[in-house]
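> Below is the file start.cif, with mmCIF, C-alpha atoms.
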```cif
data_target
loop_
_atom_site.label_atom_id
_atom_site.label_comp_id
_atom_site.auth_asym_id
_atom_site.auth_seq_id
_atom_site.Cartn_x
_atom_site.Cartn_y
_atom_site.Cartn_z
CA MET W 1 3.75 -15.01 -4.62
CA LYS W 2 1.91 -12.06 -6.01
CA GLU W 3 3.71 -8.71 -5.80
CA ILE W 4 2.69 -5.20 -6.70
CA THR W 5 5.04 -2.27 -7.20
CA VAL W 6 4.76 1.00 -5.32
CA GLN W 7 3.87 2.73 -8.58
CA GLU W 8 0.98 0.33 -9.16
CA ALA W 9 -0.21 0.43 -5.52
CA LYS W 10 -0.33 4.23 -5.29
CA LYS W 11 -3.23 4.21 -7.79
CA TYR W 12 -5.38 2.49 -5.15
CA ILE W 13 -4.98 5.02 -2.34
CA GLY W 14 -8.50 5.90 -1.23
CA ASP W 15 -10.13 3.24 -3.43
CA LYS W 16 -12.65 1.44 -1.21
CA ARG W 17 -12.12 -1.84 -3.08
CA TYR W 18 -8.58 -2.08 -1.67
CA LEU W 19 -7.25 -2.50 1.85
CA PHE W 20 -3.70 -1.59 2.79
CA LEU W 21 -2.40 -3.94 5.49
CA ASP W 22 0.82 -3.34 7.43
CA VAL W 23 2.28 -6.51 9.01
CA ARG W 24 5.14 -4.89 10.93
CA GLU W 25 5.48 -5.06 14.71
CA PRO W 26 4.12 -2.07 16.73
CA GLU W 27 7.63 -0.86 17.65
CA GLU W 28 8.46 -0.52 13.94
CA LEU W 29 5.57 1.81 13.17
CA MET W 30 7.19 5.23 13.02
CA THR W 31 5.05 5.85 9.94
CA LYS W 32 2.59 3.76 7.97
CA ILE W 33 0.80 4.03 4.66
CA LYS W 34 -2.07 6.45 5.03
CA GLY W 35 -5.24 4.52 5.84
CA ALA W 36 -3.51 1.16 6.38
CA ILE W 37 -4.61 -1.20 9.13
CA THR W 38 -1.96 -2.95 11.20
CA ILE W 39 -1.86 -6.64 12.09
CA PRO W 40 1.64 -7.95 12.90
CA LEU W 41 2.61 -11.01 10.84
CA GLY W 42 2.75 -13.24 13.93
CA ASP W 43 -0.88 -12.36 14.73
CA LEU W 44 -2.25 -12.50 11.20
CA SER W 45 -3.57 -16.08 11.11
CA LYS W 46 -5.69 -15.55 14.22
CA ASN W 47 -7.02 -12.18 13.02
CA LEU W 48 -8.23 -13.02 9.50
CA ASN W 49 -11.75 -12.10 10.63
CA LYS W 50 -10.62 -8.45 10.76
CA ILE W 51 -10.07 -8.45 6.99
CA SER W 52 -12.92 -8.42 4.48
CA LYS W 53 -12.73 -10.98 1.69
CA ASP W 54 -14.53 -8.38 -0.44
CA LYS W 55 -11.36 -6.27 -0.50
CA ILE W 56 -8.15 -6.71 -2.45
CA VAL W 57 -5.43 -6.63 0.21
CA LEU W 58 -2.17 -4.79 -0.46
CA ILE W 59 0.34 -5.87 2.19
CA ASN W 60 3.45 -4.08 3.32
CA CYS W 61 6.20 -4.61 5.86
CA ARG W 62 9.55 -2.87 6.12
CA SER W 63 11.26 -4.25 3.00
CA GLY W 64 8.91 -6.80 1.41
CA VAL W 65 10.01 -10.08 3.02
CA ARG W 66 7.33 -10.47 5.71
CA SER W 67 4.64 -9.16 3.38
CA LEU W 68 5.38 -12.08 1.02
CA LYS W 69 4.77 -14.48 3.92
CA ALA W 70 1.56 -12.62 4.82
CA CYS W 71 0.47 -12.75 1.19
CA LYS W 72 0.80 -16.53 1.19
CA ILE W 73 -1.24 -16.79 4.42
CA LEU W 74 -4.01 -14.63 2.97
CA ASN W 75 -4.02 -16.25 -0.48
CA ASP W 76 -4.16 -19.71 1.12
CA ALA W 77 -7.16 -18.52 3.19
CA GLY W 78 -9.04 -17.41 0.08
CA PHE W 79 -8.19 -13.69 0.04
CA LYS W 80 -7.00 -11.80 -3.02
CA ALA W 81 -3.75 -10.30 -1.73
CA TYR W 82 -0.56 -8.76 -3.07
CA SER W 83 2.76 -7.99 -1.41
CA LEU W 84 4.12 -4.46 -1.82
CA LYS W 85 7.51 -4.91 -3.47
CA GLY W 86 10.16 -3.11 -1.44
CA GLY W 87 7.81 -2.46 1.50
CA ILE W 88 7.47 0.84 3.34
CA ILE W 89 11.06 1.68 2.39
CA ALA W 90 10.12 1.80 -1.31
CA TRP W 91 6.88 3.64 -0.48
CA GLU W 92 8.67 6.38 1.46
CA ASN W 93 11.42 6.62 -1.17
CA GLU W 94 8.69 7.61 -3.64
CA LYS W 95 7.42 10.24 -1.15
CA LEU W 96 3.94 8.67 -1.08
CA PRO W 97 1.42 9.51 1.71
CA VAL W 98 2.15 8.20 5.21
CA GLU W 99 0.71 8.95 8.60
#
```
Would you kindly transcribe this structure into structure tokens?

Amino acid sequence: MKEITVQEAKKYIGDKRYLFLDVREPEELMTKIKGAITIPLGDLSKNLNKISKDKIVLINCRSGVRSLKACKILNDAGFKAYSLKGGIIAWENEKLPVE
């Protein structure tokens, strides 16, 4: 699986070529990466049409486990996708922008 570190991912905040995707469940969303779209992992396969294949998808969950599964789903479907290593926990530990 392809992973990207928080330090690498932060460079792409606001870059229109990248899409941040959060695959956590709605009840887990106290905060999310600024600008990220949310599609829970269980709904991802039936919502691939909501994601542009023109974008590089950076996927997060809470700790990085579900985002690896989501990354496989997207890569198998022809998307260029990376899992955020450490998930939103690592992101918030670095004090990066959330909403």
> Each residue of region 12-45 of chain W with at least one atom at most 8 Å from region 69-92 of chain W should appear once, together with its nearest atom pair and the corresponding distance in Å (one decimal); atoms considered: all atoms listed in the file; ordering: chain, then increasing residue number; output as JSON lines.

```
{"residue": "W:Val23", "atom": "CA", "partner": "W:Ala70", "partner_atom": "CA", "distance": 7.4}
{"residue": "W:Lys32", "atom": "CA", "partner": "W:Ile88", "partner_atom": "CA", "distance": 7.3}
{"residue": "W:Ile33", "atom": "CA", "partner": "W:Ile88", "partner_atom": "CA", "distance": 7.5}
{"residue": "W:Leu41", "atom": "CA", "partner": "W:Ala70", "partner_atom": "CA", "distance": 6.3}
{"residue": "W:Leu44", "atom": "CA", "partner": "W:Ala70", "partner_atom": "CA", "distance": 7.4}
{"residue": "W:Ser45", "atom": "CA", "partner": "W:Ile73", "partner_atom": "CA", "distance": 7.1}
```
> Write out, as an mmCIF file, in the frame of the given file, the residues just selected, with C-alpha atoms.

```cif
data_model
loop_
_atom_site.group_PDB
_atom_site.id
_atom_site.type_symbol
_atom_site.label_atom_id
_atom_site.label_comp_id
_atom_site.auth_asym_id
_atom_site.auth_seq_id
_atom_site.Cartn_x
_atom_site.Cartn_y
_atom_site.Cartn_z
ATOM 1 C CA VAL W 23 2.280 -6.510 9.010
ATOM 2 C CA LYS W 32 2.590 3.760 7.970
ATOM 3 C CA ILE W 33 0.800 4.030 4.660
ATOM 4 C CA LEU W 41 2.610 -11.010 10.840
ATOM 5 C CA LEU W 44 -2.250 -12.500 11.200
ATOM 6 C CA SER W 45 -3.570 -16.080 11.110
#
```
> Assuming the chain letters and numbering stay as they are in my file, what does the PyMOL selection byres ((chain W and resi 24) around 9) actually select? List them as a ChimeraX atom specification.
/W:22-23,25-29,38-41,60-62,66-67
> What separation in Å, quoted to one decimal, exists between CA of Ile13 (chain W) and CA of Gly64 (chain W)?
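Answer for the CA of Ile13 (chain W) to CA of Gly64 (chain W) separation: 18.6 Å.
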> Taking the file as shown, find all residues satisfying the PyMOL selection byres ((chain W and resi 99) around 9) and write them as a list in words.
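Checking the PyMOL selection byres ((chain W and resi 99) around 9) against this file, the residues are Met30, Thr31, Lys32, Ile33, Lys34, Gly35, Pro97 and Val98 of chain W.
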> Any idea what's packed within 8 Å of Lys55 (chain W), counting only C-alpha atoms, ignoring anything in its chain fewer than 4 positions away? Could you give it as a list in words?
Lys16, Arg17, Tyr18, Leu19, Ile51 and Lys80 of chain W
> Of the candidates W:Lys46, W:Leu58, W:Leu68, W:Lys53, which shows the shortest atom-to-atom distance to Glu8 (chain W), using only C-alpha atoms?
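Of W:Lys46, W:Leu58, W:Leu68, W:Lys53, the one nearest Glu8 (chain W) is W:Leu58, counting only C-alpha atoms.
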> Between CA of Ile59 (chain W) and CA of Ala9 (chain W), what is the spacing in Å?
10.0 Å
> Could you state the separation of CA of Asn47 (chain W) and CA of Gln7 (chain W) in Å, given to one decimal place?
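According to the coordinates, CA of Asn47 (chain W) and CA of Gln7 (chain W) are separated by 28.4 Å.
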> Using only C-alpha atoms, can you tell me which of W:Val6, W:Gly14, W:Lys95, W:Phe20 comes closest to Ile56 (chain W)?
W:Phe20
> So, with all atoms listed in the file as the atoms that count, which of W:Leu48, W:Thr5, W:Val57, W:Lys11 lies closest to Ala36 (chain W)?
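Closest to Ala36 (chain W) of all the choices is W:Val57.
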